[in-house]
Amino acid sequence: MELPRCWNCNHQFDWKDLCFRIKPCPSCGESQYLTKGSRNKALLFTPICSIFIVAMLILDINNIITACITGVLLLAIYTICPFIYQFTDREQPFI
């Protein structure tokens, strides 16, 4: 897996630059917008994690274990998401 590149100058972003928010390119300063496909891939994790957490609550798993597993899931999402990002020069519609 490879980290995304700037749509304008082809600068490869660092993982730490993309982990919590998308910043303008440090090389050329252009704004970066997620493509529709990469935004949909990133949003796919939300219902999966929600279903998993609700299932743990329904199965009456200990709250401490549920909180630990939720923390691990969130950490995994923040680690993986920058690798699935792709950028474009303009915002694309959600639909």
# chains A, B, ... in the order shown; residues from 1 in each chain; ligands from 1
>>> residues_around(residues="A:Gly71", least_positions_apart="6", cutoff="12 Å", atoms="only C-alpha atoms", output="list in words")
Cys49, Ile53, Ile64, Ile65, Ile77 and Tyr78 of chain A
>>> write_last_selection(atoms="C-alpha atoms", output="PDB file, in the first residue's frame")
ATOM      1  CA  CYS A  49     -17.602  -0.652  13.570  1.00  0.00           C
ATOM      2  CA  ILE A  53     -20.061  -2.440  18.914  1.00  0.00           C
ATOM      3  CA  ILE A  64     -14.392  -2.649  29.732  1.00  0.00           C
ATOM      4  CA  ILE A  65     -13.741  -5.216  27.013  1.00  0.00           C
ATOM      5  CA  ILE A  77      -9.222   2.998  11.251  1.00  0.00           C
ATOM      6  CA  TYR A  78      -6.909   5.971  11.817  1.00  0.00           C
TER       7      TYR A  78
END
>>> select_by_dssp(residues="chain A", states="alpha helix (DSSP H)", output="number ranges by chain")
A: 15-18, 36-43, 45-58, 63-84
>>> residues_around(residues="A:Met56", least_positions_apart="6", cutoff="9 Å", atoms="only C-alpha atoms", output="list in words")
Asn62, Asn63 and Thr66 of chain A
>>> residues_around(residues="A:Ser50", least_positions_apart="5", cutoff="12 Å", atoms="only C-alpha atoms", output="PyMOL selection string")
chain A and resi 43-45+55-57+66+69-70+73-74
>>> write_last_selection(atoms="N, CA, C and O atoms", output="mmCIF file, in the first residue's frame")
data_model
loop_
_atom_site.group_PDB
_atom_site.id
_atom_site.type_symbol
_atom_site.label_atom_id
_atom_site.label_comp_id
_atom_site.auth_asym_id
_atom_site.auth_seq_id
_atom_site.Cartn_x
_atom_site.Cartn_y
_atom_site.Cartn_z
ATOM 1 N N LEU A 43 -15.706 5.811 4.523
ATOM 2 C CA LEU A 43 -16.965 5.795 5.266
ATOM 3 C C LEU A 43 -17.512 4.389 5.471
ATOM 4 O O LEU A 43 -18.406 4.182 6.282
ATOM 5 N N LEU A 44 -16.991 3.418 4.757
ATOM 6 C CA LEU A 44 -17.427 2.036 4.906
ATOM 7 C C LEU A 44 -17.099 1.490 6.289
ATOM 8 O O LEU A 44 -17.820 0.651 6.827
ATOM 9 N N PHE A 45 -16.032 2.005 6.908
ATOM 10 C CA PHE A 45 -15.625 1.529 8.229
ATOM 11 C C PHE A 45 -16.627 1.901 9.320
ATOM 12 O O PHE A 45 -16.756 1.192 10.310
ATOM 13 N N ALA A 55 -23.331 -5.228 18.484
ATOM 14 C CA ALA A 55 -23.370 -6.679 18.703
ATOM 15 C C ALA A 55 -22.732 -7.046 20.036
ATOM 16 O O ALA A 55 -23.250 -7.911 20.757
ATOM 17 N N MET A 56 -21.637 -6.389 20.393
ATOM 18 C CA MET A 56 -21.003 -6.669 21.678
ATOM 19 C C MET A 56 -21.915 -6.266 22.837
ATOM 20 O O MET A 56 -21.969 -6.947 23.857
ATOM 21 N N LEU A 57 -22.620 -5.154 22.676
ATOM 22 C CA LEU A 57 -23.538 -4.718 23.732
ATOM 23 C C LEU A 57 -24.734 -5.654 23.853
ATOM 24 O O LEU A 57 -25.194 -5.958 24.954
ATOM 25 N N THR A 66 -15.543 -4.102 25.813
ATOM 26 C CA THR A 66 -16.140 -3.380 24.696
ATOM 27 C C THR A 66 -15.385 -2.080 24.435
ATOM 28 O O THR A 66 -15.100 -1.734 23.286
ATOM 29 N N ILE A 69 -11.929 -2.907 22.851
ATOM 30 C CA ILE A 69 -12.066 -3.316 21.450
ATOM 31 C C ILE A 69 -12.432 -2.119 20.577
ATOM 32 O O ILE A 69 -11.922 -1.968 19.458
ATOM 33 N N THR A 70 -13.283 -1.226 21.088
ATOM 34 C CA THR A 70 -13.638 -0.017 20.350
ATOM 35 C C THR A 70 -12.398 0.856 20.137
ATOM 36 O O THR A 70 -12.194 1.398 19.046
ATOM 37 N N LEU A 73 -10.336 -0.701 17.423
ATOM 38 C CA LEU A 73 -10.964 -0.465 16.117
ATOM 39 C C LEU A 73 -10.698 0.954 15.623
ATOM 40 O O LEU A 73 -10.371 1.160 14.451
ATOM 41 N N LEU A 74 -10.849 1.942 16.500
ATOM 42 C CA LEU A 74 -10.594 3.327 16.102
ATOM 43 C C LEU A 74 -9.135 3.541 15.715
ATOM 44 O O LEU A 74 -8.835 4.229 14.734
#
>>> residues_around(residues="stretch 9-18 of chain A", least_positions_apart="4", cutoff="8 Å", atoms="only C-alpha atoms", output="PyMOL selection string")
chain A and resi 3-5+22-23+25+27-28+82
>>> closest_residue(among="A:Phe20, A:Met1, A:Lys36, A:Val72", to="A:Phe87", atoms="only C-alpha atoms")
A:Lys36
>>> closest_residue(among="A:Val54, A:Cys81, A:Pro93, A:Thr88", to="A:Lys41", atoms="only C-alpha atoms")
A:Cys81
>>> select_by_dssp(residues="chain A", states="strand (DSSP E or B)", output="list in words")
Arg5, Gln12, Tyr33, Leu34, Phe87 and Thr88 of chain A
>>> closest_residue(among="A:Leu75, A:Ile61, A:Ala67, A:Cys6", to="A:Glu30", atoms="only C-alpha atoms")
A:Cys6
>>> atom_distance(atom1="atom CA of A:Ile84", atom2="atom CA of A:Pro26")
19.6 Å
>>> atom_distance(atom1="atom CA of A:Ala42", atom2="atom CA of A:Leu59")
27.2 Å
>>> residues_around(residues="A:Phe94", least_positions_apart="2", cutoff="9 Å", atoms="only C-alpha atoms", output="list in words")
Lys36, Arg39, Asn40 and Gln92 of chain A
>>> closest_residue(among="A:Pro47, A:Ile80, A:Ile58, A:Trp7", to="A:Pro24", atoms="only C-alpha atoms")
A:Trp7
